[in-house]
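Participant: Let me give you the structure first, and then I'll get to my questions.
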Amino acid sequence: MAGATDVGGGPIVGIDLGTTHSLVAVVEADGRPRLLRDEAGQALLPSIVALDDDGQLVVGAPAQAILARDPGRAAWSVKRLMGRAWADLKDQAAHLGHRVDAAASERVVQVRLGDSPRRYSAPELSAALLRALARRAEAALGQPVARAVVTVPAYFDDAQRQATRDAGRLAGLDVLRILNEPTAACLAYGLEGERAPEGTTVAVFDLGGGTFDVSVLRLEAGVFQVLATAGDTHLGGDDLDAALLAAWAPRLPTPADDLQRERLRRQVVAAKHALSERPAADLAFGGVNLTVTRAELEAAVAPVLARLEGPCRRALADARITPADLDHVLLVGGATRVPAVKRLVRDLFGRPGSDAVHPDEAVALGAAHQAHIMAGGRRDAVLLDVLPLSLGLESYGGGVSVVLPRNTPVPAIATDHYTTFVDDQTAVLVHVVQGERALAADNRSLARFRVPIPPRPAGATRLEVRFVVDANGLLSVTARDAETGTVREVEVKPTYGLTSDELDRLLADAQAHAEADAETRRLTEARAKAERVLAATDRGRASPAWASLGEEPRMAIEALSRNLRRALGGDDPDAIEALTKTLDKAAVPLAEAVVTAALRQGD
Ligand code: ADP
Ligand code: MG
C-alpha cells in the first residue's frame with residue numbers, strides 16, 4: 001500500500017540530498033518511516049552525475065563507473081556548488097573536482113561534462129539526482145510522486161536553499177519544505193516529542209563523505225532552534241579513505257590505470273567499512289591479499305580525526321554551553337560508524353553519541369517524518385523550515401516593524417517592544433502582519449488583539465511582544481505588560497493558505513513597490529511621529545505643569561507647534577522630521593514637568 005503521506009495530491013517523500021549519497025524515504029501507513037531502495041536493494045544513491053555515451057545525464061552507480069573511466073564526464077560533490085557563483089568558489093577550485101566554466105559562471109557556476117558544448121548548473125545536476133530518487137519512489141509506491149521535503153545543512157544560506165528548491169522544481173518536484181539536516185536527525189530520533197520543562201539541548205555530530213557539520217539545537221515547547229553550527233566543508237569519510245590509501249597502497253601492487261585505481265579505492269573503502277565491525281579485515285588487490293587491522297586504521301586516520309575537535313568546541317562555545325548541558329548527542333553521517341569517531345565524540349561531549357537510528361539514514365528518515373507531518377498524517381507537530389515572508393507588527397502610523405525577517409530558519413522565537421505614544425492609553429492594539437511591503441495595510445493581516453494597560457504617561461508602558469513559530473506550524477504572539485504582568489496571547493497561521501503563486505506575486509509586488517514604499521513609509525512615519533509629539537505637547541500645554549515653565553520656552557514651544565502643524569499640511573518628510581525634532585527637544589522641560597506632576601499626584 002502507498003505511504004501514509006498520501007493525503008490528496010499524492011505522496012510526499014523525504015529526501016536527503018547529500019554531498020556523497022542521497023536517499024529517499026516515506027512514512028508508511030503504520031506511521032513508520034521507511035527508506036526506499038532501488039532494484040538492487042540499495043538505499044544510498046551515490047551523488048554523482050555523469051554524461052553517458054548518448055549524451056544523457058546518468059546518476060548513481062552508472063555515473064560512478066563513468067567517473068572511474070573518464071573523470072571529465074562526471075560531477076560529484078555538486079552540493080558544494082549550490083547557490084554559488086565562480087567568485088565564491090575560486091579559492092577552493094582545487095577541491096571541487098569539476099571542470100567549471102569560469103567565464104560562464106559569473107552568476108551561477110556552470111560545469112562542463114565531457115566535450116559537450118552544454119553547460120550544467122548545480123541545480124540542474126542536483127535535479128538529475130532528485131529525479132532519480134522520485135522515479136525510485138514512484139516505482140516503490142506505485143503512484144506519481146510530485147512533492148518532497150528536501151534537507152540542507154543548517155548553515156545553508158538563502159541562495160543555497162533557493163538553489164535546492166530550484167533543483168526540485170527542475171526535477172518536477174514541488175519542494176514543500178527545506179528542512180535543516182540536524183533538525184531532521186532530531187525528528188528521526190523522535191526528540192520533537194520531548195517535553196522537558198527546561199527544554200532539551202541536543203548536539204548533532206554529522207560526519208559524511210566530504211563534510212563535517214556539528215550543530216547545537218535547543219528544543220523548547222516543540223520548537224527547534226539552531227543555537228550554533230560549526231564544521232569543516234572539506235572533512236569527511238573521503239579524507240579517511242585518502243589516509244588509508246596512503247598507508248596501505250605501498251604494501252600493494254601499483255594500479256596500472258584509472259580503472260584499477262578506482263578498484264583499489266573501492267577495496268580500501270570496503271576494508272574501512274568492515275573494520276567498523278571487526279578488528280581485522282582482508283584487502284585483496286592485484287593478486288595480493290592483505291590483512292589490515294583496526295589499530296592500523298586508527299593510527300592512519302588519527303591526524304584526520306584530530307581536525308574534528310576544533311569545530312565541536314567552537315559549536316559549544318558559540319551556543320554558550322558546556323558538554324554537561326547536553327541532553328543528547330546524535331551521530332549522523334556514515335563516517336560516524338568508525339569506532340574511533342565514536343570514542344572521540346564521547347571524549348569531547350562527555351557522553352556516548354546515540355546511533356540507534358542508522359547514521360547515514362537518519363536525515364532521510366527525519367525528512368520523511370516531516371513529509372508525513374505536512375501531509376496531515378500527524379497533527380500534533382509541524383516543523384517549518386524558513387519563513388517565506390516576513391512577520392511583523394504594525395507600528396505607530398501604519399508602518400511595519402519586522403520581528404522575524406523573511407527566510408529566518410524556523411521554528412523561531414523573537415521579541416519586540418511596544419511603547420505607548422499617547423498619555424493615559426488604556427489599551428495597546430497589537431496588529432500582526434506578514435509580507436514585505438512597507439505599510440501594514442499592504443501586507444496580509446494575521447491577527448489583531450488588545451492588551452489592556454493602566455493609564456500612564458506616553459512612553460511609560462513597555463509591552464514585550466514575543467513571536468514563536470512553533471512545531472504546529474502556528475505563530476503564537478504573546479504580549480506582556482512588564483509592569484502589571486498582563487499577558488495576551490493569540491495563535492495565527494503564518495504560511496498556510498498562501499499558495500506559491502500568491503507568494504511569487506507578493507514578492508514581485510514588494511520588489512516593484514520597494515522605492516515608492518520607502519518614500520511613503522518615511523512620510524507616514526514622519527507624520528505619525530509629528531502627531532505624537534504635537535499631541536504630547538498639547539496635553540502638556542493644557543496641564544498645570546505648563547505654568548511652571550518660563551515665558552521663553554513656552555513661546556518657543558508654541559511657535560514650533562504652529563510651524564509643525566503647517567508642515568503637516570504638506571508632504572515633505574524632511575521638513576516634518578526637522579521640525580518634529582526641534583519641537584521634541586524644546587518640549588523636554590515640559591515633558592519632565594508633566595511626569596513629575598503625574599508622579600506627585602499618584603503619591
Ligand atoms: P553525505 O552526507 O556526505 O552524503 P554519508 O552520510 O552518506 O555522506 O557518509 C558517507 C561516508 O560514510 C563515506 O565516506 C562512507 O565511506 C562512510 N561510511 C559508510 N558506512 C561506513 C562504515 N560502516 N564504516 C566507516 N565509514 C562508513
Ligand atoms: Mg549527510
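Each chain of the C-alpha cells is named A, B, ... in the order shown, its residues numbered from 1; ligands are numbered from 1 in display order.
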How close does range 151-230 of chain A get to range 123-127 of chain A? List, as CSV, each residue of range 151-230 of chain A within 12 Å, its nearest atom pair and the distance in Å to one decimal, counting only C-alpha atoms.

Facilitator:
residue,atom,partner,partner_atom,distance
A:Ala159,CA,A:Pro123,CA,11.3
A:Gln160,CA,A:Pro123,CA,9.7
A:Arg161,CA,A:Pro123,CA,10.6
A:Gln162,CA,A:Pro123,CA,9.5
A:Ala163,CA,A:Pro123,CA,5.8
A:Thr164,CA,A:Pro123,CA,6.5
A:Arg165,CA,A:Pro123,CA,8.5
A:Asp166,CA,A:Pro123,CA,6.2
A:Ala167,CA,A:Pro123,CA,4.3
A:Gly168,CA,A:Ala127,CA,6.0
A:Arg169,CA,A:Ala127,CA,7.9
A:Leu170,CA,A:Ala127,CA,5.8
A:Ala171,CA,A:Ala127,CA,4.8
A:Gly172,CA,A:Ala127,CA,8.6
A:Leu173,CA,A:Ala127,CA,9.1
A:Asp174,CA,A:Ala127,CA,11.9
A:Val175,CA,A:Ala127,CA,11.7

Participant: Restricting the output to N, CA and C atoms, write the selected residues as a compact mmCIF listing (two decimals), in the first residue's frame.

Facilitator:
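Wrote result_18.txt, looks like this:
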# COMPACT_ATOMS: atom_id res chain seq x y z
N ALA A 159 20.62 31.70 -0.70
CA ALA A 159 20.91 31.34 -2.09
C ALA A 159 21.02 29.82 -2.23
N GLN A 160 21.66 29.19 -1.26
CA GLN A 160 21.84 27.74 -1.32
C GLN A 160 20.51 27.01 -1.14
N ARG A 161 19.68 27.55 -0.26
CA ARG A 161 18.35 26.95 -0.06
C ARG A 161 17.50 27.14 -1.31
N GLN A 162 17.59 28.33 -1.87
CA GLN A 162 16.82 28.63 -3.07
C GLN A 162 17.26 27.71 -4.21
N ALA A 163 18.58 27.51 -4.34
CA ALA A 163 19.10 26.63 -5.39
C ALA A 163 18.56 25.21 -5.20
N THR A 164 18.42 24.80 -3.95
CA THR A 164 17.89 23.46 -3.65
C THR A 164 16.42 23.37 -4.08
N ARG A 165 15.68 24.44 -3.80
CA ARG A 165 14.29 24.50 -4.22
C ARG A 165 14.20 24.45 -5.75
N ASP A 166 15.10 25.21 -6.40
CA ASP A 166 15.12 25.24 -7.87
C ASP A 166 15.41 23.85 -8.43
N ALA A 167 16.34 23.14 -7.79
CA ALA A 167 16.66 21.79 -8.25
C ALA A 167 15.40 20.94 -8.21
N GLY A 168 14.63 21.09 -7.16
CA GLY A 168 13.38 20.36 -7.04
C GLY A 168 12.44 20.70 -8.18
N ARG A 169 12.31 21.99 -8.43
CA ARG A 169 11.40 22.45 -9.49
C ARG A 169 11.82 21.84 -10.82
N LEU A 170 13.15 21.85 -11.09
CA LEU A 170 13.66 21.30 -12.35
C LEU A 170 13.40 19.80 -12.46
N ALA A 171 13.33 19.15 -11.29
CA ALA A 171 13.08 17.71 -11.29
C ALA A 171 11.58 17.42 -11.31
N GLY A 172 10.78 18.47 -11.39
CA GLY A 172 9.33 18.27 -11.40
C GLY A 172 8.78 18.01 -10.01
N LEU A 173 9.53 18.41 -9.00
CA LEU A 173 9.08 18.20 -7.62
C LEU A 173 8.75 19.53 -6.97
N ASP A 174 7.64 19.55 -6.28
CA ASP A 174 7.30 20.72 -5.51
C ASP A 174 7.96 20.51 -4.14
N VAL A 175 8.96 21.33 -3.85
CA VAL A 175 9.66 21.18 -2.57
C VAL A 175 8.87 21.94 -1.51

Participant: Counting only C-alpha atoms, what is within 12 Å of Gly55 in chain A, bar same-chain residues fewer than 4 positions away, as a list in words?

Facilitator: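 Everything that qualifies: Ala50, Leu51, Arg73, Ala74, Leu113, Gly114, Asp115, Ser116, Pro117 and Arg118 of chain A.
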
Participant: Compute the set of protein, DNA and RNA residues whose minimum atom distance to ligand 2 is at most 8 Å, using only C-alpha atoms and all ligand atoms, and state it as a list in words.

Facilitator: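 The residues near ligand 2 are Asp16, Leu17, Gly18, Thr19, Thr20, His21, Ser22, Glu181, Asp206, Leu207, Gly208, Gly209, Val332, Gly333, Gly334, Asp360 and Val363 of chain A.
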
Participant: How close does chain A get to ligand 1? List, as JSON lines, each residue of chain A within 10 Å, its nearest atom pair and the distance in Å to one decimal, counting only C-alpha atoms and all ligand atoms.

Facilitator:
{"residue": "A:Asp16", "atom": "CA", "partner": "ligand 1", "partner_atom_place_in_ligand_line": "2 (O)", "distance": 7.9}
{"residue": "A:Leu17", "atom": "CA", "partner": "ligand 1", "partner_atom_place_in_ligand_line": "4 (O)", "distance": 7.2}
{"residue": "A:Gly18", "atom": "CA", "partner": "ligand 1", "partner_atom_place_in_ligand_line": "4 (O)", "distance": 3.6}
{"residue": "A:Thr19", "atom": "CA", "partner": "ligand 1", "partner_atom_place_in_ligand_line": "4 (O)", "distance": 4.1}
{"residue": "A:Thr20", "atom": "CA", "partner": "ligand 1", "partner_atom_place_in_ligand_line": "4 (O)", "distance": 3.5}
{"residue": "A:His21", "atom": "CA", "partner": "ligand 1", "partner_atom_place_in_ligand_line": "4 (O)", "distance": 3.8}
{"residue": "A:Ser22", "atom": "CA", "partner": "ligand 1", "partner_atom_place_in_ligand_line": "4 (O)", "distance": 6.0}
{"residue": "A:Leu23", "atom": "CA", "partner": "ligand 1", "partner_atom_place_in_ligand_line": "7 (O)", "distance": 8.7}
{"residue": "A:Leu44", "atom": "CA", "partner": "ligand 1", "partner_atom_place_in_ligand_line": "7 (O)", "distance": 7.1}
{"residue": "A:Leu45", "atom": "CA", "partner": "ligand 1", "partner_atom_place_in_ligand_line": "7 (O)", "distance": 8.9}
{"residue": "A:Pro46", "atom": "CA", "partner": "ligand 1", "partner_atom_place_in_ligand_line": "4 (O)", "distance": 7.9}
{"residue": "A:Ser47", "atom": "CA", "partner": "ligand 1", "partner_atom_place_in_ligand_line": "4 (O)", "distance": 7.2}
{"residue": "A:Ser77", "atom": "CA", "partner": "ligand 1", "partner_atom_place_in_ligand_line": "3 (O)", "distance": 8.2}
{"residue": "A:Lys79", "atom": "CA", "partner": "ligand 1", "partner_atom_place_in_ligand_line": "3 (O)", "distance": 9.2}
{"residue": "A:Val152", "atom": "CA", "partner": "ligand 1", "partner_atom_place_in_ligand_line": "2 (O)", "distance": 9.9}
{"residue": "A:Pro153", "atom": "CA", "partner": "ligand 1", "partner_atom_place_in_ligand_line": "2 (O)", "distance": 9.5}
{"residue": "A:Glu181", "atom": "CA", "partner": "ligand 1", "partner_atom_place_in_ligand_line": "2 (O)", "distance": 9.3}
{"residue": "A:Asp206", "atom": "CA", "partner": "ligand 1", "partner_atom_place_in_ligand_line": "6 (O)", "distance": 7.4}
{"residue": "A:Leu207", "atom": "CA", "partner": "ligand 1", "partner_atom_place_in_ligand_line": "6 (O)", "distance": 6.5}
{"residue": "A:Gly208", "atom": "CA", "partner": "ligand 1", "partner_atom_place_in_ligand_line": "8 (O)", "distance": 3.5}
{"residue": "A:Gly209", "atom": "CA", "partner": "ligand 1", "partner_atom_place_in_ligand_line": "11 (C)", "distance": 3.7}
{"residue": "A:Gly210", "atom": "CA", "partner": "ligand 1", "partner_atom_place_in_ligand_line": "3 (O)", "distance": 5.3}
{"residue": "A:Thr211", "atom": "CA", "partner": "ligand 1", "partner_atom_place_in_ligand_line": "3 (O)", "distance": 5.8}
{"residue": "A:Phe212", "atom": "CA", "partner": "ligand 1", "partner_atom_place_in_ligand_line": "3 (O)", "distance": 8.1}
{"residue": "A:Asp213", "atom": "CA", "partner": "ligand 1", "partner_atom_place_in_ligand_line": "2 (O)", "distance": 9.7}
{"residue": "A:Thr233", "atom": "CA", "partner": "ligand 1", "partner_atom_place_in_ligand_line": "3 (O)", "distance": 9.9}
{"residue": "A:Leu235", "atom": "CA", "partner": "ligand 1", "partner_atom_place_in_ligand_line": "3 (O)", "distance": 9.6}
{"residue": "A:Gly236", "atom": "CA", "partner": "ligand 1", "partner_atom_place_in_ligand_line": "14 (O)", "distance": 6.2}
{"residue": "A:Gly237", "atom": "CA", "partner": "ligand 1", "partner_atom_place_in_ligand_line": "14 (O)", "distance": 3.2}
{"residue": "A:Asp238", "atom": "CA", "partner": "ligand 1", "partner_atom_place_in_ligand_line": "14 (O)", "distance": 5.0}
{"residue": "A:Asp239", "atom": "CA", "partner": "ligand 1", "partner_atom_place_in_ligand_line": "14 (O)", "distance": 7.9}
{"residue": "A:Leu240", "atom": "CA", "partner": "ligand 1", "partner_atom_place_in_ligand_line": "14 (O)", "distance": 7.4}
{"residue": "A:Asp241", "atom": "CA", "partner": "ligand 1", "partner_atom_place_in_ligand_line": "14 (O)", "distance": 7.2}
{"residue": "A:Arg266", "atom": "CA", "partner": "ligand 1", "partner_atom_place_in_ligand_line": "16 (O)", "distance": 9.3}
{"residue": "A:Val268", "atom": "CA", "partner": "ligand 1", "partner_atom_place_in_ligand_line": "16 (O)", "distance": 9.4}
{"residue": "A:Val269", "atom": "CA", "partner": "ligand 1", "partner_atom_place_in_ligand_line": "16 (O)", "distance": 5.8}
{"residue": "A:Ala270", "atom": "CA", "partner": "ligand 1", "partner_atom_place_in_ligand_line": "16 (O)", "distance": 7.9}
{"residue": "A:Ala271", "atom": "CA", "partner": "ligand 1", "partner_atom_place_in_ligand_line": "24 (N)", "distance": 8.7}
{"residue": "A:Lys272", "atom": "CA", "partner": "ligand 1", "partner_atom_place_in_ligand_line": "25 (C)", "distance": 5.5}
{"residue": "A:His273", "atom": "CA", "partner": "ligand 1", "partner_atom_place_in_ligand_line": "24 (N)", "distance": 3.7}
{"residue": "A:Ala274", "atom": "CA", "partner": "ligand 1", "partner_atom_place_in_ligand_line": "23 (N)", "distance": 6.5}
{"residue": "A:Leu275", "atom": "CA", "partner": "ligand 1", "partner_atom_place_in_ligand_line": "24 (N)", "distance": 7.0}
{"residue": "A:Ser276", "atom": "CA", "partner": "ligand 1", "partner_atom_place_in_ligand_line": "24 (N)", "distance": 4.9}
{"residue": "A:Glu277", "atom": "CA", "partner": "ligand 1", "partner_atom_place_in_ligand_line": "23 (N)", "distance": 7.2}
{"residue": "A:Val332", "atom": "CA", "partner": "ligand 1", "partner_atom_place_in_ligand_line": "6 (O)", "distance": 6.7}
{"residue": "A:Gly333", "atom": "CA", "partner": "ligand 1", "partner_atom_place_in_ligand_line": "6 (O)", "distance": 3.2}
{"residue": "A:Gly334", "atom": "CA", "partner": "ligand 1", "partner_atom_place_in_ligand_line": "12 (O)", "distance": 3.2}
{"residue": "A:Ala335", "atom": "CA", "partner": "ligand 1", "partner_atom_place_in_ligand_line": "12 (O)", "distance": 3.8}
{"residue": "A:Thr336", "atom": "CA", "partner": "ligand 1", "partner_atom_place_in_ligand_line": "26 (N)", "distance": 6.7}
{"residue": "A:Arg337", "atom": "CA", "partner": "ligand 1", "partner_atom_place_in_ligand_line": "24 (N)", "distance": 4.7}
{"residue": "A:Val338", "atom": "CA", "partner": "ligand 1", "partner_atom_place_in_ligand_line": "25 (C)", "distance": 4.7}
{"residue": "A:Pro339", "atom": "CA", "partner": "ligand 1", "partner_atom_place_in_ligand_line": "24 (N)", "distance": 8.3}
{"residue": "A:Ala340", "atom": "CA", "partner": "ligand 1", "partner_atom_place_in_ligand_line": "25 (C)", "distance": 10.0}
{"residue": "A:Val341", "atom": "CA", "partner": "ligand 1", "partner_atom_place_in_ligand_line": "25 (C)", "distance": 9.4}
{"residue": "A:His358", "atom": "CA", "partner": "ligand 1", "partner_atom_place_in_ligand_line": "20 (N)", "distance": 9.6}
{"residue": "A:Pro359", "atom": "CA", "partner": "ligand 1", "partner_atom_place_in_ligand_line": "6 (O)", "distance": 6.8}
{"residue": "A:Asp360", "atom": "CA", "partner": "ligand 1", "partner_atom_place_in_ligand_line": "6 (O)", "distance": 4.3}
{"residue": "A:Glu361", "atom": "CA", "partner": "ligand 1", "partner_atom_place_in_ligand_line": "6 (O)", "distance": 7.6}
{"residue": "A:Ala362", "atom": "CA", "partner": "ligand 1", "partner_atom_place_in_ligand_line": "6 (O)", "distance": 9.0}
{"residue": "A:Val363", "atom": "CA", "partner": "ligand 1", "partner_atom_place_in_ligand_line": "2 (O)", "distance": 8.6}

Participant: What are the closest atom pairs, with distances in Å to one decimal, for all residues of range 296-373 of chain A lying within 10 Å of range 28-31 of chain A? Consider only C-alpha atoms, order rows by chain and residue number, and present the result as a tab-separated table.

Facilitator:
residue	atom	partner	partner_atom	distance
A:Ala368	CA	A:Glu28	CA	9.5
A:His369	CA	A:Gly31	CA	8.8
A:His372	CA	A:Gly31	CA	8.4

Participant: Please measure the separation of CA of Asp318 in chain A and CA of Arg218 in chain A, giving the value in Å to one decimal.

Facilitator: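 Between CA of Asp318 in chain A and CA of Arg218 in chain A the gap works out to 13.0 Å.
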
Participant: Calculate how many Å separate CA of Leu244 in chain A from CA of Asp257 in chain A, rounding to one decimal.

Facilitator: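 Interatomic distance, CA of Leu244 in chain A to CA of Asp257 in chain A: 19.4 Å.
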
Participant: If you run DSSP on this backbone, which residues of range 36-94 of chain A come out as alpha helix (DSSP H), and could you give them as an MDAnalysis selection string?

Facilitator: chainID A and resid 61:69 86:89 93:94

Participant: If I take CA of Asp347 in chain A and CA of Leu305 in chain A, how far is one from the other in Å, to one decimal?

Facilitator: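 For CA of Asp347 in chain A relative to CA of Leu305 in chain A, the distance reads 12.5 Å.
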
Participant: Among the residues of range 173-296 of chain A, find those DSSP assigns to strand (DSSP E or B) from the backbone and print them as number ranges by chain.

Facilitator: A: 174-180, 200-207, 212-220, 223-232, 280-285, 288-293

Participant: What would the file look like if the residues just selected were written as a short mmCIF file (atom, residue, chain, number, x, y, z; two decimals), in the first residue's frame with C-alpha atoms?

Facilitator:
data_model
loop_
_atom_site.label_atom_id
_atom_site.label_comp_id
_atom_site.auth_asym_id
_atom_site.auth_seq_id
_atom_site.Cartn_x
_atom_site.Cartn_y
_atom_site.Cartn_z
CA ASP A 174 7.30 20.72 -5.51
CA VAL A 175 9.66 21.18 -2.57
CA LEU A 176 7.24 21.82 0.24
CA ARG A 177 9.93 22.30 2.84
CA ILE A 178 13.63 22.83 3.03
CA LEU A 179 14.48 21.15 6.32
CA ASN A 180 17.72 21.54 8.26
CA THR A 200 16.20 19.89 25.66
CA THR A 201 19.65 20.63 24.28
CA VAL A 202 20.97 18.42 21.50
CA ALA A 203 24.28 18.25 19.66
CA VAL A 204 24.15 16.69 16.20
CA PHE A 205 27.53 15.41 15.05
CA ASP A 206 27.35 14.76 11.30
CA LEU A 207 30.42 13.32 9.58
CA PHE A 212 31.63 17.68 8.75
CA ASP A 213 28.85 19.61 10.47
CA VAL A 214 28.22 19.95 14.15
CA SER A 215 25.11 21.75 15.31
CA VAL A 216 23.73 22.56 18.71
CA LEU A 217 19.95 22.70 18.83
CA ARG A 218 17.53 23.63 21.51
CA LEU A 219 14.10 22.12 21.70
CA GLU A 220 11.60 24.11 23.69
CA VAL A 223 10.31 24.41 18.73
CA PHE A 224 13.75 23.55 17.39
CA GLN A 225 16.23 26.36 17.35
CA VAL A 226 19.71 26.03 15.89
CA LEU A 227 21.87 27.70 18.54
CA ALA A 228 25.17 27.23 16.76
CA THR A 229 26.64 25.43 13.84
CA ALA A 230 30.28 24.76 13.00
CA GLY A 231 32.18 22.33 10.88
CA ASP A 232 34.58 21.81 8.05
CA ALA A 280 40.65 -7.11 11.20
CA ALA A 281 39.68 -7.32 7.54
CA ASP A 282 41.02 -8.55 4.22
CA LEU A 283 42.10 -6.30 1.42
CA ALA A 284 42.62 -8.03 -1.92
CA PHE A 285 44.15 -6.20 -4.85
CA VAL A 288 47.89 -9.69 -3.21
CA ASN A 289 45.91 -10.46 -0.06
CA LEU A 290 46.50 -8.12 2.81
CA THR A 291 45.10 -8.34 6.31
CA VAL A 292 44.51 -4.89 7.75
CA THR A 293 43.60 -4.12 11.35
#

Participant: Which residues are close to range 549-553 of chain A, i.e. within 8 Å by only C-alpha atoms, leaving aside same-chain residues fewer than 6 positions away? Reply as a ChimeraX atom specification.

Facilitator: /A:586,589-590

Participant: Choose the residue, out of A:Val428, A:Asp572, A:Ala137, A:Val433, that has the smallest atom-to-atom separation from Thr520 in chain A; count only C-alpha atoms.

Facilitator: A:Asp572

Participant: Write out as an MDAnalysis selection string which residues come within 8 Å of Ala85 in chain A when counting only C-alpha atoms, dropping same-chain ones fewer than 2 positions away.

Facilitator: chainID A and resid 81 83 87:89 105:109

Participant: Taking only C-alpha atoms into account, which of A:Ala256, A:Ile12, A:Arg37, A:Trp248 comes nearest Ala139 in chain A?

Facilitator: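 Looking at the shortest contact to Ala139 in chain A, the residue is A:Arg37.
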